[in-house]
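Engineer: One file: target-v9.pdb (PDB, C-alpha atoms and all ligand atoms).
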```pdb
ATOM      1  CA  MET A   1      17.690   7.965  17.885  1.00  0.00           C
ATOM      2  CA  GLU A   2      14.705   7.435  15.605  1.00  0.00           C
ATOM      3  CA  ARG A   3      14.482   4.375  13.438  1.00  0.00           C
ATOM      4  CA  LYS A   4      14.197   5.082   9.730  1.00  0.00           C
ATOM      5  CA  ILE A   5      12.825   2.786   7.047  1.00  0.00           C
ATOM      6  CA  GLU A   6      13.324   3.987   3.502  1.00  0.00           C
ATOM      7  CA  GLY A   7      11.205   2.994   0.563  1.00  0.00           C
ATOM      8  CA  GLY A   8       9.937   4.017  -2.803  1.00  0.00           C
ATOM      9  CA  CYS A   9       8.554   3.006  -6.137  1.00  0.00           C
ATOM     10  CA  HIS A  10       9.956   0.503  -8.598  1.00  0.00           C
ATOM     11  CA  CYS A  11      11.592   3.045 -10.940  1.00  0.00           C
ATOM     12  CA  GLY A  12      13.146   5.183  -8.196  1.00  0.00           C
ATOM     13  CA  ALA A  13      11.381   8.452  -9.075  1.00  0.00           C
ATOM     14  CA  VAL A  14       9.649   8.545  -5.661  1.00  0.00           C
ATOM     15  CA  ARG A  15      11.403   7.829  -2.380  1.00  0.00           C
ATOM     16  CA  TYR A  16      10.230   8.257   1.194  1.00  0.00           C
ATOM     17  CA  ALA A  17      11.132   7.541   4.793  1.00  0.00           C
ATOM     18  CA  ILE A  18       9.061   6.010   7.597  1.00  0.00           C
ATOM     19  CA  THR A  19      10.082   6.362  11.221  1.00  0.00           C
ATOM     20  CA  GLU A  20       7.669   3.924  12.885  1.00  0.00           C
ATOM     21  CA  VAL A  21       5.243   1.252  11.713  1.00  0.00           C
ATOM     22  CA  ARG A  22       2.028   0.938  13.772  1.00  0.00           C
ATOM     23  CA  ALA A  23       0.454  -2.121  12.171  1.00  0.00           C
ATOM     24  CA  SER A  24       0.415  -4.241   9.060  1.00  0.00           C
ATOM     25  CA  MET A  25      -2.361  -5.921   7.091  1.00  0.00           C
ATOM     26  CA  VAL A  26      -3.342  -7.573   3.857  1.00  0.00           C
ATOM     27  CA  CYS A  27      -6.422  -6.058   2.195  1.00  0.00           C
ATOM     28  CA  HIS A  28      -8.727  -8.100  -0.018  1.00  0.00           C
ATOM     29  CA  CYS A  29     -11.153  -5.283  -0.964  1.00  0.00           C
ATOM     30  CA  ARG A  30     -12.192  -4.835  -4.589  1.00  0.00           C
ATOM     31  CA  THR A  31     -10.484  -1.444  -4.885  1.00  0.00           C
ATOM     32  CA  CYS A  32      -7.118  -2.777  -3.707  1.00  0.00           C
ATOM     33  CA  GLN A  33      -7.488  -5.720  -6.075  1.00  0.00           C
ATOM     34  CA  ARG A  34      -8.158  -3.386  -8.987  1.00  0.00           C
ATOM     35  CA  VAL A  35      -5.364  -0.903  -8.280  1.00  0.00           C
ATOM     36  CA  ALA A  36      -2.855  -3.714  -7.734  1.00  0.00           C
ATOM     37  CA  GLY A  37      -4.121  -6.035 -10.448  1.00  0.00           C
ATOM     38  CA  ALA A  38      -3.729  -8.777  -7.848  1.00  0.00           C
ATOM     39  CA  PRO A  39      -5.931 -10.700  -5.367  1.00  0.00           C
ATOM     40  CA  VAL A  40      -4.547  -8.838  -2.324  1.00  0.00           C
ATOM     41  CA  LEU A  41      -2.535  -5.746  -1.435  1.00  0.00           C
ATOM     42  CA  ALA A  42      -0.347  -5.635   1.695  1.00  0.00           C
ATOM     43  CA  TRP A  43      -0.013  -2.442   3.738  1.00  0.00           C
ATOM     44  CA  VAL A  44       1.699  -1.024   6.806  1.00  0.00           C
ATOM     45  CA  SER A  45      -0.024   1.732   8.798  1.00  0.00           C
ATOM     46  CA  VAL A  46       1.998   4.673  10.045  1.00  0.00           C
ATOM     47  CA  ALA A  47       1.189   7.982  11.723  1.00  0.00           C
ATOM     48  CA  ALA A  48       1.089  10.759   9.119  1.00  0.00           C
ATOM     49  CA  ASP A  49       3.943  12.481  10.976  1.00  0.00           C
ATOM     50  CA  ASP A  50       6.070   9.335  10.606  1.00  0.00           C
ATOM     51  CA  TYR A  51       5.874   9.368   6.779  1.00  0.00           C
ATOM     52  CA  ARG A  52       7.857  11.812   4.647  1.00  0.00           C
ATOM     53  CA  VAL A  53       8.447  11.935   0.881  1.00  0.00           C
ATOM     54  CA  THR A  54      12.187  12.464   0.340  1.00  0.00           C
ATOM     55  CA  LYS A  55      12.370  12.409  -3.469  1.00  0.00           C
ATOM     56  CA  GLY A  56       9.903  13.091  -6.276  1.00  0.00           C
ATOM     57  CA  GLU A  57       6.213  13.846  -6.162  1.00  0.00           C
ATOM     58  CA  PRO A  58       3.696  11.005  -5.977  1.00  0.00           C
ATOM     59  CA  ALA A  59       0.584  11.326  -8.143  1.00  0.00           C
ATOM     60  CA  GLY A  60      -2.774  10.856  -6.486  1.00  0.00           C
ATOM     61  CA  TYR A  61      -6.491  10.461  -6.894  1.00  0.00           C
ATOM     62  CA  ALA A  62      -9.568   9.675  -4.798  1.00  0.00           C
ATOM     63  CA  SER A  63     -10.303   5.965  -5.256  1.00  0.00           C
ATOM     64  CA  SER A  64     -13.535   6.405  -3.260  1.00  0.00           C
ATOM     65  CA  PRO A  65     -15.068   9.485  -1.600  1.00  0.00           C
ATOM     66  CA  GLY A  66     -12.633  10.604   1.118  1.00  0.00           C
ATOM     67  CA  ILE A  67      -9.955   8.049   0.177  1.00  0.00           C
ATOM     68  CA  ALA A  68      -6.671   9.344  -1.259  1.00  0.00           C
ATOM     69  CA  ARG A  69      -4.404   6.890  -3.051  1.00  0.00           C
ATOM     70  CA  ASN A  70      -0.935   7.897  -4.221  1.00  0.00           C
ATOM     71  CA  PHE A  71       1.250   6.164  -6.774  1.00  0.00           C
ATOM     72  CA  CYS A  72       4.298   6.820  -8.913  1.00  0.00           C
ATOM     73  CA  ALA A  73       3.228   8.543 -12.137  1.00  0.00           C
ATOM     74  CA  ALA A  74       6.223   7.117 -13.987  1.00  0.00           C
ATOM     75  CA  CYS A  75       6.071   3.407 -13.089  1.00  0.00           C
ATOM     76  CA  GLY A  76       2.610   3.019 -11.514  1.00  0.00           C
ATOM     77  CA  THR A  77       3.734   1.553  -8.184  1.00  0.00           C
ATOM     78  CA  GLN A  78       0.971   1.912  -5.567  1.00  0.00           C
ATOM     79  CA  LEU A  79       2.449   3.822  -2.634  1.00  0.00           C
ATOM     80  CA  THR A  80      -0.084   5.082  -0.102  1.00  0.00           C
ATOM     81  CA  TYR A  81      -3.696   5.029   1.015  1.00  0.00           C
ATOM     82  CA  ALA A  82      -5.110   7.681   3.327  1.00  0.00           C
ATOM     83  CA  ARG A  83      -8.575   7.929   4.852  1.00  0.00           C
ATOM     84  CA  ALA A  84      -7.839   9.982   7.974  1.00  0.00           C
ATOM     85  CA  PRO A  85      -5.528  13.009   8.168  1.00  0.00           C
ATOM     86  CA  ASP A  86      -3.422  11.508  10.970  1.00  0.00           C
ATOM     87  CA  GLU A  87      -2.735   8.060   9.504  1.00  0.00           C
ATOM     88  CA  ILE A  88      -1.365   6.770   6.225  1.00  0.00           C
ATOM     89  CA  ASP A  89      -1.065   3.240   4.871  1.00  0.00           C
ATOM     90  CA  VAL A  90       1.991   2.405   2.782  1.00  0.00           C
ATOM     91  CA  THR A  91       2.286  -0.609   0.492  1.00  0.00           C
ATOM     92  CA  THR A  92       4.342  -3.244   2.274  1.00  0.00           C
ATOM     93  CA  ALA A  93       6.749  -4.063  -0.514  1.00  0.00           C
ATOM     94  CA  SER A  94       7.531  -0.470  -1.490  1.00  0.00           C
ATOM     95  CA  PRO A  95       9.312   0.354   1.806  1.00  0.00           C
ATOM     96  CA  PHE A  96      11.483  -2.717   1.321  1.00  0.00           C
ATOM     97  CA  LEU A  97       9.798  -4.327   4.304  1.00  0.00           C
ATOM     98  CA  ALA A  98       8.861  -7.548   2.581  1.00  0.00           C
ATOM     99  CA  GLN A  99      11.344  -9.690   4.467  1.00  0.00           C
ATOM    100  CA  SER A 100      11.218  -7.959   7.821  1.00  0.00           C
ATOM    101  CA  GLN A 101       7.550  -7.040   8.306  1.00  0.00           C
ATOM    102  CA  HIS A 102       5.008  -9.750   8.887  1.00  0.00           C
ATOM    103  CA  CYS A 103       1.432  -9.110   7.861  1.00  0.00           C
ATOM    104  CA  VAL A 104      -0.916  -9.902  10.722  1.00  0.00           C
ATOM    105  CA  ASP A 105      -4.406  -8.742   9.775  1.00  0.00           C
ATOM    106  CA  GLN A 106      -6.385  -9.607   6.691  1.00  0.00           C
ATOM    107  CA  VAL A 107      -9.272  -7.288   5.905  1.00  0.00           C
ATOM    108  CA  TRP A 108     -12.139  -7.550   3.396  1.00  0.00           C
ATOM    109  CA  ARG A 109     -11.248 -11.197   2.989  1.00  0.00           C
ATOM    110  CA  ARG A 110     -13.485 -13.352   0.838  1.00  0.00           C
ATOM    111  CA  PRO A 111     -13.633 -17.109   0.700  1.00  0.00           C
ATOM    112  CA  ALA A 112     -10.785 -18.492  -1.367  1.00  0.00           C
ATOM    113  CA  GLU A 113     -13.297 -20.338  -3.553  1.00  0.00           C
ATOM    114  CA  LEU A 114     -14.464 -17.027  -4.991  1.00  0.00           C
ATOM    115  CA  PHE A 115     -11.025 -16.406  -6.463  1.00  0.00           C
ATOM    116  CA  GLN A 116     -10.823 -19.928  -7.791  1.00  0.00           C
ATOM    117  CA  VAL A 117     -14.239 -19.563  -9.461  1.00  0.00           C
ATOM    118  CA  ALA A 118     -13.171 -16.203 -10.929  1.00  0.00           C
ATOM    119  CA  LEU A 119      -9.898 -17.665 -12.190  1.00  0.00           C
ATOM    120  CA  ARG A 120     -11.675 -20.615 -13.769  1.00  0.00           C
ATOM    121  CA  ARG A 121     -13.928 -18.189 -15.629  1.00  0.00           C
ATOM    122  CA  LEU A 122     -10.860 -16.404 -16.988  1.00  0.00           C
ATOM    123  CA  MET A 123      -9.214 -19.602 -18.207  1.00  0.00           C
TER
HETATM  124 ZN    ZN A 201       8.322   4.973 -10.086  1.00  0.00          ZN
HETATM  125 ZN    ZN A 202      -8.334  -2.409   0.273  1.00  0.00          ZN
END
```
Re-express the file's structure as structure tokens.
Ligand SMILES: [Zn+2]
Ligand SMILES: [Zn+2]
Structural biologist:
Amino acid sequence: MERKIEGGCHCGAVRYAITEVRASMVCHCRTCQRVAGAPVLAWVSVAADDYRVTKGEPAGYASSPGIARNFCAACGTQLTYARAPDEIDVTTASPFLAQSQHCVDQVWRRPAELFQVALRRLM
């Protein structure tokens, strides 16, 4: 029997199911920071065949050449990131994995001081 993890956006307009998580990570890149409005964005990686939208239609755009990012058009929740046709990254909190899935890798990480300097400039 296949394992199913269900998730979706904050408002409920988009729902999806994942059958198997390959990996998890926290990304510190500038694009993830901008789309999330936060210092980091946490993802799980799944095979494209293991991800299926079950309700609604996510909106999408290319955040960089060859990078497709999907989100809920109604509430703005970031949902997926795709660079290769066979793999898709899904935001960790949207599949309700926050308590059960531990993030292991941190990519595009910058020294913490950079954020503190940036925050001080904003204050
Ligand atoms: Zn929504
Ligand atoms: Zn990123």
Engineer: Could you list the protein, DNA and RNA residues that have any atom within 12 Å of ligand ZN 201 (chain A), counting all atoms listed in the file, and write them as a PyMOL selection string?
Structural biologist: chain A and resi 7-16+55-59+70-79+94
Engineer: Please identify all protein, DNA and RNA residues within 10 Å of ligand ZN 202 (chain A), counting all atoms listed in the file, and report them as a list in words.
Structural biologist: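 Every residue with an atom at most 10 Å from ligand ZN 202 (chain A) is listed here: Met25, Val26, Cys27, His28, Cys29, Arg30, Thr31, Cys32, Gln33, Arg34, Val35, Ala36, Val40, Leu41, Ala42, Trp43, Tyr81, Gln106, Val107, Trp108 and Arg109 of chain A.
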Engineer: In terms of the shortest atom-to-atom distance over all atoms listed in the file, which of A:Ile5, A:Arg22, A:Val90, A:Ala17 is closest to Ala47 in chain A?
Structural biologist: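 Smallest distance to Ala47 in chain A is found for A:Arg22.
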Engineer: Do a neighbour search on Ile18 in chain A at 8 Å with all atoms listed in the file, toss out local chain neighbours closer than 5 positions, and write the hits as a ChimeraX atom specification.
Structural biologist: /A:4-7,46,50-52
Engineer: Let me make sure I understand: among A:Val21, A:Gly60, A:Asp86, A:Ala93, which one has the smallest atom-to-atom distance to Ser45 in chain A if we use all atoms listed in the file?
Structural biologist: A:Val21
Engineer: Evaluate the PyMOL selection byres (((chain A and resi 66) around 12) and not hetatm) on the structure here and hand back the selected residues as a count of residues only.
Structural biologist: 13
Engineer: Find the axis-aligned box for range 14-26 of chain A, covering all its listed atoms and adding 6 Å on each side, and write its centre and edge lengths in Å to one decimal as JSON.
Structural biologist:
```
{"center_x": 4.0, "center_y": 0.5, "center_z": 4.1, "size_x": 26.7, "size_y": 28.1, "size_z": 31.4}
```
Engineer: With the input short on atoms, add N, CA and C atoms back to range 6-36 of chain A and write it as a short mmCIF file (atom, residue, chain, number, x, y, z; two decimals), in the frame of the given file.
Structural biologist:
```
data_model
loop_
_atom_site.label_atom_id
_atom_site.label_comp_id
_atom_site.auth_asym_id
_atom_site.auth_seq_id
_atom_site.Cartn_x
_atom_site.Cartn_y
_atom_site.Cartn_z
N GLU A 6 13.45 3.27 4.76
CA GLU A 6 13.32 3.99 3.50
C GLU A 6 12.63 3.11 2.47
N GLY A 7 11.91 3.75 1.59
CA GLY A 7 11.20 2.99 0.56
C GLY A 7 10.96 3.85 -0.65
N GLY A 8 10.25 3.27 -1.60
CA GLY A 8 9.94 4.02 -2.80
C GLY A 8 9.32 3.14 -3.86
N CYS A 9 9.19 3.72 -5.04
CA CYS A 9 8.55 3.01 -6.14
C CYS A 9 9.58 2.16 -6.88
N HIS A 10 9.09 1.41 -7.84
CA HIS A 10 9.96 0.50 -8.60
C HIS A 10 11.01 1.25 -9.40
N CYS A 11 10.65 2.37 -10.03
CA CYS A 11 11.59 3.04 -10.94
C CYS A 11 12.54 3.99 -10.22
N GLY A 12 12.26 4.32 -8.96
CA GLY A 12 13.15 5.18 -8.20
C GLY A 12 12.79 6.66 -8.25
N ALA A 13 11.75 7.03 -8.98
CA ALA A 13 11.38 8.45 -9.07
C ALA A 13 10.86 8.99 -7.75
N VAL A 14 10.19 8.13 -6.96
CA VAL A 14 9.65 8.54 -5.66
C VAL A 14 10.34 7.76 -4.55
N ARG A 15 10.80 8.46 -3.55
CA ARG A 15 11.40 7.83 -2.38
C ARG A 15 10.80 8.46 -1.14
N TYR A 16 10.75 7.70 -0.05
CA TYR A 16 10.23 8.26 1.19
C TYR A 16 10.86 7.56 2.38
N ALA A 17 10.60 8.11 3.56
CA ALA A 17 11.13 7.54 4.79
C ALA A 17 9.99 7.39 5.79
N ILE A 18 10.03 6.29 6.53
CA ILE A 18 9.06 6.01 7.60
C ILE A 18 9.86 5.88 8.89
N THR A 19 9.35 6.49 9.96
CA THR A 19 10.08 6.36 11.22
C THR A 19 9.52 5.27 12.13
N GLU A 20 8.21 4.98 12.03
CA GLU A 20 7.67 3.92 12.88
C GLU A 20 6.43 3.30 12.26
N VAL A 21 6.39 1.98 12.24
CA VAL A 21 5.24 1.25 11.71
C VAL A 21 4.31 0.91 12.87
N ARG A 22 3.01 1.24 12.71
CA ARG A 22 2.03 0.94 13.77
C ARG A 22 1.45 -0.47 13.63
N ALA A 23 1.14 -0.84 12.40
CA ALA A 23 0.45 -2.12 12.17
C ALA A 23 0.67 -2.54 10.73
N SER A 24 0.34 -3.79 10.45
CA SER A 24 0.42 -4.24 9.06
C SER A 24 -0.79 -5.10 8.75
N MET A 25 -1.17 -5.17 7.48
CA MET A 25 -2.36 -5.92 7.09
C MET A 25 -2.29 -6.28 5.62
N VAL A 26 -3.13 -7.25 5.27
CA VAL A 26 -3.34 -7.57 3.86
C VAL A 26 -4.79 -7.25 3.56
N CYS A 27 -5.05 -6.45 2.52
CA CYS A 27 -6.42 -6.06 2.19
C CYS A 27 -6.91 -6.80 0.95
N HIS A 28 -8.12 -7.34 1.07
CA HIS A 28 -8.73 -8.10 -0.02
C HIS A 28 -9.86 -7.32 -0.69
N CYS A 29 -10.00 -6.02 -0.42
CA CYS A 29 -11.15 -5.28 -0.96
C CYS A 29 -11.03 -5.14 -2.48
N ARG A 30 -12.16 -4.89 -3.13
CA ARG A 30 -12.19 -4.84 -4.59
C ARG A 30 -11.32 -3.69 -5.12
N THR A 31 -11.29 -2.56 -4.39
CA THR A 31 -10.48 -1.44 -4.88
C THR A 31 -9.00 -1.79 -4.86
N CYS A 32 -8.53 -2.39 -3.76
CA CYS A 32 -7.12 -2.78 -3.71
C CYS A 32 -6.80 -3.80 -4.79
N GLN A 33 -7.72 -4.73 -5.02
CA GLN A 33 -7.49 -5.72 -6.08
C GLN A 33 -7.34 -5.04 -7.42
N ARG A 34 -8.20 -4.05 -7.68
CA ARG A 34 -8.16 -3.39 -8.99
C ARG A 34 -6.92 -2.53 -9.16
N VAL A 35 -6.54 -1.78 -8.12
CA VAL A 35 -5.36 -0.90 -8.28
C VAL A 35 -4.08 -1.70 -8.36
N ALA A 36 -4.06 -2.89 -7.71
CA ALA A 36 -2.86 -3.71 -7.73
C ALA A 36 -2.86 -4.70 -8.89
#
```
